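File shown: start34.cif. Contents: mmCIF, C-alpha atoms.
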```cif
data_run
loop_
_atom_site.group_PDB
_atom_site.id
_atom_site.type_symbol
_atom_site.label_atom_id
_atom_site.label_comp_id
_atom_site.auth_asym_id
_atom_site.auth_seq_id
_atom_site.Cartn_x
_atom_site.Cartn_y
_atom_site.Cartn_z
ATOM 1 C CA MET A 53 112.917 100.290 95.803
ATOM 2 C CA GLU A 54 116.579 99.849 96.690
ATOM 3 C CA ASP A 55 118.556 96.909 95.352
ATOM 4 C CA GLN A 56 119.719 95.382 98.618
ATOM 5 C CA ASN A 57 119.415 92.032 100.370
ATOM 6 C CA PHE A 58 116.293 91.495 102.378
ATOM 7 C CA SER A 59 114.742 88.942 104.700
ATOM 8 C CA ASN A 60 112.708 85.901 103.642
ATOM 9 C CA GLU A 61 109.570 87.379 105.210
ATOM 10 C CA GLU A 62 110.076 90.614 103.272
ATOM 11 C CA SER A 63 110.470 88.777 99.988
ATOM 12 C CA LEU A 64 107.287 86.802 100.623
ATOM 13 C CA GLN A 65 105.400 90.019 101.407
ATOM 14 C CA LEU A 66 106.779 91.627 98.261
ATOM 15 C CA ILE A 67 105.678 88.688 96.071
ATOM 16 C CA THR A 68 102.143 88.831 97.511
ATOM 17 C CA LYS A 69 101.956 92.620 97.104
ATOM 18 C CA MET A 70 103.090 92.544 93.475
ATOM 19 C CA ILE A 71 100.785 89.670 92.498
ATOM 20 C CA ASN A 72 97.846 91.605 93.992
ATOM 21 C CA GLN A 73 98.891 94.804 92.191
ATOM 22 C CA ALA A 74 98.883 92.997 88.859
ATOM 23 C CA LYS A 75 95.653 91.155 89.615
ATOM 24 C CA ASN A 76 93.817 94.408 90.296
ATOM 25 C CA TYR A 77 94.740 95.888 86.911
ATOM 26 C CA TYR A 78 91.528 95.974 84.910
ATOM 27 C CA TYR A 79 91.107 98.033 81.767
ATOM 28 C CA ASP A 80 87.653 98.544 80.321
ATOM 29 C CA SER A 81 86.590 101.909 78.979
ATOM 30 C CA GLY A 82 82.967 100.754 78.621
ATOM 31 C CA LEU A 83 82.954 101.804 74.961
ATOM 32 C CA GLY A 84 82.435 98.258 73.675
ATOM 33 C CA ALA A 85 79.415 97.672 75.906
ATOM 34 C CA LEU A 86 77.901 101.050 74.930
ATOM 35 C CA LEU A 87 78.589 100.558 71.232
ATOM 36 C CA TRP A 88 76.994 97.106 71.034
ATOM 37 C CA GLY A 89 74.244 98.017 73.473
ATOM 38 C CA PHE A 90 73.087 100.993 71.400
ATOM 39 C CA THR A 91 73.510 99.119 68.102
ATOM 40 C CA ASN A 92 71.326 96.269 69.338
ATOM 41 C CA LEU A 93 68.773 98.678 70.771
ATOM 42 C CA ILE A 94 68.507 100.575 67.468
ATOM 43 C CA CYS A 95 68.494 97.422 65.291
ATOM 44 C CA PHE A 96 65.817 95.589 67.278
ATOM 45 C CA VAL A 97 63.562 98.642 67.625
ATOM 46 C CA LEU A 98 63.873 99.278 63.869
ATOM 47 C CA ALA A 99 63.125 95.599 63.149
ATOM 48 C CA TYR A 100 60.031 95.831 65.345
ATOM 49 C CA LEU A 101 58.848 98.997 63.555
ATOM 50 C CA ARG A 102 59.515 97.370 60.166
ATOM 51 C CA ASP A 103 57.625 94.150 61.007
ATOM 52 C CA THR A 104 54.672 96.042 62.441
ATOM 53 C CA LYS A 105 54.633 98.089 59.199
ATOM 54 C CA LYS A 106 55.041 101.337 61.129
ATOM 55 C CA ILE A 107 58.010 102.276 58.985
ATOM 56 C CA GLU A 108 59.491 101.074 55.749
ATOM 57 C CA PHE A 109 63.145 100.348 55.836
ATOM 58 C CA PRO A 110 65.235 100.212 52.652
ATOM 59 C CA PHE A 111 67.503 97.443 54.009
ATOM 60 C CA ASP A 112 67.654 94.934 56.844
ATOM 61 C CA PRO A 113 68.373 96.982 60.006
ATOM 62 C CA PHE A 114 70.670 94.229 61.276
ATOM 63 C CA LEU A 115 73.118 95.087 58.520
ATOM 64 C CA LEU A 116 74.007 98.094 60.698
ATOM 65 C CA MET A 117 75.957 95.616 62.821
ATOM 66 C CA ILE A 118 78.571 95.336 60.074
ATOM 67 C CA ILE A 119 79.396 99.040 60.575
ATOM 68 C CA THR A 120 79.483 98.511 64.360
ATOM 69 C CA PHE A 121 81.896 95.623 63.901
ATOM 70 C CA GLY A 122 84.240 97.917 61.959
ATOM 71 C CA VAL A 123 84.004 100.592 64.666
ATOM 72 C CA GLN A 124 84.715 97.922 67.315
ATOM 73 C CA VAL A 125 87.884 96.799 65.498
ATOM 74 C CA TYR A 126 88.995 100.470 65.356
ATOM 75 C CA PHE A 127 88.326 100.951 69.112
ATOM 76 C CA ASP A 128 90.143 97.709 69.970
ATOM 77 C CA ARG A 129 93.247 98.766 68.057
ATOM 78 C CA LYS A 130 93.210 102.190 69.706
ATOM 79 C CA GLU A 131 92.700 100.804 73.201
ATOM 80 C CA ASN A 132 95.358 98.111 72.812
ATOM 81 C CA LYS A 133 97.864 100.908 72.252
ATOM 82 C CA ILE A 134 96.820 102.651 75.474
ATOM 83 C CA LYS A 135 96.718 99.481 77.596
ATOM 84 C CA LYS A 136 99.793 99.204 79.813
ATOM 85 C CA ALA A 137 99.488 95.521 80.609
ATOM 86 C CA VAL A 138 97.787 92.496 79.124
ATOM 87 C CA ASN A 139 96.112 90.244 81.630
ATOM 88 C CA TYR A 140 95.535 86.501 81.142
ATOM 89 C CA LEU A 141 91.840 87.238 81.739
ATOM 90 C CA ASP A 142 91.842 89.538 78.697
ATOM 91 C CA ASP A 143 92.357 86.424 76.571
ATOM 92 C CA VAL A 144 89.487 84.626 78.303
ATOM 93 C CA HIS A 145 87.254 87.639 77.558
ATOM 94 C CA LYS A 146 88.322 87.653 73.934
ATOM 95 C CA TYR A 147 87.548 83.947 73.478
ATOM 96 C CA VAL A 148 84.195 84.117 75.268
ATOM 97 C CA TRP A 149 82.975 87.125 73.233
ATOM 98 C CA THR A 150 84.290 85.630 69.966
ATOM 99 C CA ALA A 151 82.414 82.390 70.681
ATOM 100 C CA PHE A 152 79.320 84.462 71.433
ATOM 101 C CA GLY A 153 79.657 86.432 68.182
ATOM 102 C CA ILE A 154 80.024 83.240 66.123
ATOM 103 C CA SER A 155 77.046 81.627 67.900
ATOM 104 C CA VAL A 156 74.832 84.659 67.168
ATOM 105 C CA LEU A 157 75.969 84.678 63.550
ATOM 106 C CA VAL A 158 75.248 80.939 63.133
ATOM 107 C CA LEU A 159 71.863 81.316 64.816
ATOM 108 C CA THR A 160 70.733 84.290 62.757
ATOM 109 C CA ILE A 161 71.993 82.893 59.432
ATOM 110 C CA ALA A 162 70.597 79.398 60.055
ATOM 111 C CA GLY A 163 67.398 80.905 61.458
ATOM 112 C CA GLY A 164 67.042 83.135 58.407
ATOM 113 C CA PHE A 165 67.545 80.280 55.944
ATOM 114 C CA THR A 166 65.217 77.847 57.688
ATOM 115 C CA ASN A 167 62.584 80.507 58.270
ATOM 116 C CA VAL A 168 62.017 79.559 61.904
ATOM 117 C CA GLY A 169 60.685 83.050 62.588
ATOM 118 C CA TYR A 170 60.552 84.860 65.898
ATOM 119 C CA VAL A 171 61.527 81.815 67.978
ATOM 120 C CA VAL A 172 65.123 82.924 67.337
ATOM 121 C CA LEU A 173 64.623 85.940 69.633
ATOM 122 C CA PRO A 174 64.365 84.135 73.009
ATOM 123 C CA VAL A 175 67.333 81.934 72.014
ATOM 124 C CA LEU A 176 69.267 85.103 71.172
ATOM 125 C CA LEU A 177 68.545 86.430 74.664
ATOM 126 C CA ILE A 178 69.886 83.216 76.216
ATOM 127 C CA LEU A 179 73.076 83.735 74.195
ATOM 128 C CA PHE A 180 73.278 87.426 75.256
ATOM 129 C CA GLY A 181 73.209 86.313 78.889
ATOM 130 C CA ILE A 182 76.157 83.913 78.687
ATOM 131 C CA PRO A 183 79.153 86.226 77.903
ATOM 132 C CA THR A 184 77.638 89.085 79.900
ATOM 133 C CA PHE A 185 77.316 86.910 83.005
ATOM 134 C CA ILE A 186 80.814 85.407 82.554
ATOM 135 C CA SER A 187 82.364 88.890 82.103
ATOM 136 C CA GLY A 188 80.618 90.081 85.254
ATOM 137 C CA CYS A 189 81.825 87.102 87.277
ATOM 138 C CA ILE A 190 85.430 87.301 86.018
ATOM 139 C CA ASN A 191 85.745 91.037 86.750
ATOM 140 C CA LYS A 192 83.476 90.987 89.798
ATOM 141 C CA PHE A 193 81.339 93.612 88.059
ATOM 142 C CA THR A 194 77.799 93.251 89.412
ATOM 143 C CA PRO A 195 75.950 95.257 86.685
ATOM 144 C CA PHE A 196 77.077 92.671 84.099
ATOM 145 C CA ILE A 197 76.037 89.780 86.363
ATOM 146 C CA ILE A 198 72.607 91.386 86.799
ATOM 147 C CA GLY A 199 72.496 92.083 83.045
ATOM 148 C CA GLY A 200 73.262 88.437 82.198
ATOM 149 C CA ILE A 201 70.629 87.088 84.577
ATOM 150 C CA SER A 202 68.113 89.653 83.269
ATOM 151 C CA CYS A 203 68.673 88.390 79.715
ATOM 152 C CA TRP A 204 67.759 84.864 80.801
ATOM 153 C CA ILE A 205 64.619 86.105 82.593
ATOM 154 C CA LEU A 206 63.678 88.182 79.540
ATOM 155 C CA SER A 207 64.218 85.099 77.398
ATOM 156 C CA ILE A 208 61.541 83.234 79.409
ATOM 157 C CA LEU A 209 59.282 86.241 78.852
ATOM 158 C CA ALA A 210 59.982 86.128 75.115
ATOM 159 C CA PHE A 211 59.171 82.382 75.018
ATOM 160 C CA LEU A 212 55.934 83.000 76.952
ATOM 161 C CA ASN A 213 55.171 85.744 74.464
ATOM 162 C CA ASN A 214 54.799 82.866 72.029
ATOM 163 C CA ALA A 215 57.671 84.060 69.867
ATOM 164 C CA HIS A 216 55.725 87.066 68.680
ATOM 165 C CA TYR A 217 57.406 89.978 66.802
ATOM 166 C CA SER A 218 57.104 92.042 70.013
ATOM 167 C CA GLY A 219 60.015 89.806 71.085
ATOM 168 C CA TYR A 220 62.178 92.379 69.266
ATOM 169 C CA LEU A 221 61.325 94.893 71.984
ATOM 170 C CA ILE A 222 62.176 92.366 74.703
ATOM 171 C CA VAL A 223 65.611 91.840 73.097
ATOM 172 C CA ALA A 224 66.024 95.641 72.892
ATOM 173 C CA ALA A 225 65.240 95.826 76.630
ATOM 174 C CA GLY A 226 67.856 93.117 77.178
ATOM 175 C CA ALA A 227 70.456 95.244 75.355
ATOM 176 C CA VAL A 228 69.656 98.203 77.633
ATOM 177 C CA ILE A 229 69.901 96.190 80.870
ATOM 178 C CA ALA A 230 72.853 93.983 79.893
ATOM 179 C CA TRP A 231 75.066 96.458 78.038
ATOM 180 C CA ILE A 232 73.929 100.088 77.967
ATOM 181 C CA ILE A 233 73.454 100.588 81.725
ATOM 182 C CA PRO A 234 76.644 98.638 82.689
ATOM 183 C CA GLY A 235 78.456 100.444 79.848
ATOM 184 C CA PHE A 236 77.648 103.852 81.341
ATOM 185 C CA ILE A 237 78.736 102.646 84.807
ATOM 186 C CA LEU A 238 82.027 101.295 83.348
ATOM 187 C CA ARG A 239 82.583 104.542 81.440
ATOM 188 C CA ALA A 240 82.078 106.656 84.573
ATOM 189 C CA ARG A 241 84.435 104.407 86.534
ATOM 190 C CA PHE A 242 87.032 104.552 83.753
ATOM 191 C CA LYS A 243 86.920 108.366 83.537
ATOM 192 C CA LYS A 244 87.309 108.592 87.320
ATOM 193 C CA GLN A 245 90.313 106.243 87.154
ATOM 194 C CA ILE A 246 91.910 108.334 84.375
ATOM 195 C CA GLY A 247 91.305 111.499 86.426
ATOM 196 C CA GLN A 248 93.040 109.963 89.445
ATOM 197 C CA ASN A 249 96.082 108.938 87.405
ATOM 198 C CA GLN A 250 96.571 112.431 85.967
ATOM 199 C CA MET B 56 116.698 68.524 104.840
ATOM 200 C CA ASP B 57 118.255 69.670 101.567
ATOM 201 C CA PHE B 58 118.648 73.438 101.293
ATOM 202 C CA LYS B 59 119.104 75.237 98.039
ATOM 203 C CA GLU B 60 120.707 78.645 97.918
ATOM 204 C CA LEU B 61 118.293 81.460 97.096
ATOM 205 C CA ASP B 62 118.760 82.533 93.492
ATOM 206 C CA PRO B 63 120.854 85.743 93.724
ATOM 207 C CA ILE B 64 119.241 87.107 90.550
ATOM 208 C CA LEU B 65 115.803 86.965 92.160
ATOM 209 C CA HIS B 66 116.817 87.694 95.753
ATOM 210 C CA ALA B 67 116.871 91.469 95.261
ATOM 211 C CA PRO B 68 113.766 93.585 95.969
ATOM 212 C CA LEU B 69 113.295 95.286 92.625
ATOM 213 C CA ARG B 70 114.114 92.246 90.491
ATOM 214 C CA LEU B 71 111.813 90.054 92.595
ATOM 215 C CA ALA B 72 109.066 92.694 92.321
ATOM 216 C CA VAL B 73 109.401 92.781 88.529
ATOM 217 C CA VAL B 74 109.258 88.990 88.180
ATOM 218 C CA SER B 75 106.308 88.703 90.628
ATOM 219 C CA LEU B 76 104.445 91.357 88.676
ATOM 220 C CA LEU B 77 105.130 89.713 85.310
ATOM 221 C CA LEU B 78 104.038 86.380 86.737
ATOM 222 C CA SER B 79 100.433 87.566 86.956
ATOM 223 C CA VAL B 80 100.156 89.284 83.565
ATOM 224 C CA LYS B 81 100.797 88.093 80.034
ATOM 225 C CA GLU B 82 102.944 91.147 79.303
ATOM 226 C CA ALA B 83 103.458 94.604 80.758
ATOM 227 C CA GLU B 84 104.855 97.896 79.610
ATOM 228 C CA PHE B 85 107.928 99.467 81.205
ATOM 229 C CA THR B 86 105.820 102.395 82.525
ATOM 230 C CA PHE B 87 103.358 99.980 84.156
ATOM 231 C CA ILE B 88 106.189 98.139 85.944
ATOM 232 C CA ARG B 89 107.787 101.423 87.040
ATOM 233 C CA GLU B 90 104.456 102.656 88.398
ATOM 234 C CA LYS B 91 103.669 99.467 90.306
ATOM 235 C CA THR B 92 107.157 98.952 91.716
ATOM 236 C CA ASN B 93 107.517 102.633 92.571
ATOM 237 C CA SER B 94 111.046 102.704 91.157
ATOM 238 C CA THR B 95 113.110 105.107 89.084
ATOM 239 C CA ALA B 96 113.462 104.572 85.337
ATOM 240 C CA GLY B 97 117.259 104.258 85.582
ATOM 241 C CA ASN B 98 117.294 101.650 88.342
ATOM 242 C CA LEU B 99 114.464 99.678 86.770
ATOM 243 C CA SER B 100 116.226 99.691 83.427
ATOM 244 C CA VAL B 101 119.386 98.218 85.002
ATOM 245 C CA GLN B 102 117.439 95.485 86.836
ATOM 246 C CA ILE B 103 115.426 94.593 83.742
ATOM 247 C CA THR B 104 118.659 94.194 81.778
ATOM 248 C CA LYS B 105 119.984 91.816 84.485
ATOM 249 C CA LEU B 106 116.806 89.740 84.334
ATOM 250 C CA LYS B 107 116.928 89.715 80.544
ATOM 251 C CA ASP B 108 120.599 88.635 80.539
ATOM 252 C CA ALA B 109 119.699 85.771 82.899
ATOM 253 C CA GLY B 110 116.997 84.735 80.415
ATOM 254 C CA TYR B 111 114.233 85.236 82.989
ATOM 255 C CA ILE B 112 112.316 87.848 81.029
ATOM 256 C CA GLU B 113 111.866 88.799 77.391
ATOM 257 C CA VAL B 114 112.111 92.477 76.460
ATOM 258 C CA ILE B 115 110.362 93.702 73.320
ATOM 259 C CA LYS B 116 111.209 97.180 72.061
ATOM 260 C CA GLN B 117 108.928 98.761 69.494
ATOM 261 C CA PHE B 118 107.430 102.071 68.439
ATOM 262 C CA ASN B 119 103.891 103.156 69.251
ATOM 263 C CA ASN B 120 102.762 106.405 67.565
ATOM 264 C CA ASN B 121 106.416 107.358 67.044
ATOM 265 C CA TYR B 122 107.188 106.847 70.749
ATOM 266 C CA PRO B 123 109.490 104.037 71.911
ATOM 267 C CA GLN B 124 107.660 101.360 73.876
ATOM 268 C CA THR B 125 109.278 98.641 75.963
ATOM 269 C CA THR B 126 107.219 95.582 76.832
ATOM 270 C CA CYS B 127 108.350 92.800 79.154
ATOM 271 C CA LYS B 128 107.115 89.256 79.636
ATOM 272 C CA ILE B 129 108.309 86.360 81.775
ATOM 273 C CA THR B 130 110.006 83.421 80.016
ATOM 274 C CA PRO B 131 109.565 79.705 80.875
ATOM 275 C CA LYS B 132 113.089 79.839 82.370
ATOM 276 C CA GLY B 133 112.049 82.797 84.536
ATOM 277 C CA LEU B 134 108.938 80.972 85.660
ATOM 278 C CA GLU B 135 110.958 77.913 86.639
ATOM 279 C CA ALA B 136 113.494 80.085 88.483
ATOM 280 C CA PHE B 137 110.695 81.778 90.395
ATOM 281 C CA GLU B 138 109.165 78.414 91.376
ATOM 282 C CA ASN B 139 112.518 77.182 92.650
ATOM 283 C CA TYR B 140 113.105 80.461 94.482
ATOM 284 C CA PHE B 141 109.700 80.215 96.147
ATOM 285 C CA LYS B 142 110.281 76.584 97.195
ATOM 286 C CA ALA B 143 113.676 77.489 98.663
ATOM 287 C CA LEU B 144 112.114 80.429 100.485
ATOM 288 C CA GLN B 145 109.451 78.174 101.981
ATOM 289 C CA SER B 146 112.011 75.646 103.209
ATOM 290 C CA TYR B 147 114.077 78.396 104.870
ATOM 291 C CA MET B 148 111.005 79.777 106.572
ATOM 292 C CA ARG B 149 109.942 76.308 107.762
ATOM 293 C CA LEU B 150 113.409 75.812 109.271
ATOM 294 C CA GLY B 151 113.137 79.194 110.989
ATOM 295 C CA GLU B 152 109.806 78.232 112.526
ATOM 296 C CA GLU B 153 111.167 74.838 113.696
ATOM 297 C CA ASN B 154 114.183 76.494 115.308
ATOM 298 C CA SER B 155 112.102 79.068 117.144
ATOM 299 C CA SER B 156 109.756 76.369 118.531
ATOM 300 C CA LYS B 157 112.775 74.283 119.636
ATOM 301 C CA ASN B 158 114.232 77.317 121.414
ATOM 302 C CA GLN B 159 110.932 77.870 123.188
ATOM 303 C CA GLU B 160 110.855 74.223 124.321
ATOM 304 C CA LEU B 161 114.427 74.518 125.660
ATOM 305 C CA ARG B 162 113.515 77.651 127.597
ATOM 306 C CA THR B 163 110.526 75.945 129.212
#
```

Let's see the structure in the file written out as structure tokens.
Amino acid sequence: MEDQNFSNEESLQLITKMINQAKNYYYDSGLGALLWGFTNLICFVLAYLRDTKKIEFPFDPFLLMIITFGVQVYFDRKENKIKKAVNYLDDVHKYVWTAFGISVLVLTIAGGFTNVGYVVLPVLLILFGIPTFISGCINKFTPFIIGGISCWILSILAFLNNAHYSGYLIVAAGAVIAWIIPGFILRARFKKQIGQNQ
Amino acid sequence: MDFKELDPILHAPLRLAVVSLLLSVKEAEFTFIREKTNSTAGNLSVQITKLKDAGYIEVIKQFNNNYPQTTCKITPKGLEAFENYFKALQSYMRLGEENSSKNQELRT
């Protein structure tokens, strides 16, 4: 791009082009979705097996999430170094997922203390749907939109199931539809993008 | 109609491209800007320095894995300058349209 004077029409075209270029920059390796998707799948299946007395587990399977949280922090730090630009939408994502994390924490802790039982599971699915659906809408990524809506439908199913321990399996299914499948799609897209840039 | 002169700092293709790009992101790396503006490192470096000297952008230099990394972000002054530039551009274009329609009327 040469540094020379140009017409008003050209400058307007340039502004539009550059704004669109920046708007289309979207960085998501899919690792976060896969990590949390698989963690939730494993935790909820293990919880189901524990409650149905099919296996004995030495500790609460949900404690595995603490390890996942550490791995997530490590991934975030690594990816932030690779990212070439920070979008304003990245902040929105961060806030939405943080609010979701806190809500889940409050729900599970309060639910555990008050001994409300399996009724927590459908509520958890409602919460799963919110950030997933918002992320899908913001990035125009249909698998997340479908995943979010699926979580809400599964939540109805879990309520109809009369808050039975089999609700664990419904939540596990929610993790597969909302995060694991979209995560693999994001990962494939990301690898393709990297391949094109090389 | 009151016409303001187009800001000479912004009325240059590469500098305008950089500011327009930074307008839509919170911050961007030098390599990202170079890639999107399709410019050479030398030329981009000169234009970024001009924008920085005018106070329109902030340049942060740091090290990432022992490699130097330059990150740029637009300042409130740069944002205001861009808004004024855009308004001035619109008024010039409106005048151009009015003149061309007047000329057409005169011809008919």

Check your understanding: Which residues of chain B are close to chain A, meaning at most 10 Å apart when you count all atoms listed in the file, and how do they look as number ranges by chain?
Key -> B: 61, 63, 65-88, 91-95, 98-99, 102, 119-120, 124, 126-128, 141, 143-145, 147-148, 151

Exercise for review: Would you kindly translate the PyMOL selection byres ((chain A and resi 206) around 9) into the concrete residues it picks from this file, as a ChimeraX atom specification?
Suggested key: /A:174,177-178,201-205,207-211,222-223,225-226

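Atom pair CA of Leu106 in chain B / CA of Arg89 in chain B: separated by 15.0 Å.
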
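Here CA of Phe121 in chain A and CA of His216 in chain A stand 27.9 Å from one another.
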
**Study point:** Selected residue, from A:Leu176, A:Ile229, A:Ala99, A:Val158, that lies nearest to Leu115 in chain A when counting only C-alpha atoms
**Key:**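 Of all the options, A:Ala99 lies closest to Leu115 in chain A.
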
Study note, to complete from the structure: In Å and to one decimal, CA of Glu90 in chain B is distant from CA of Ile246 in chain A by 14.3 Å

Practice item. Find the residues near Asp62 in chain B: any atom within 9 Å, counting only C-alpha atoms, skip ones fewer than 2 places away on the same chain, and give them as an MDAnalysis selection string. Key: chainID B and resid 59:60 64:66 136:137 139:140 143
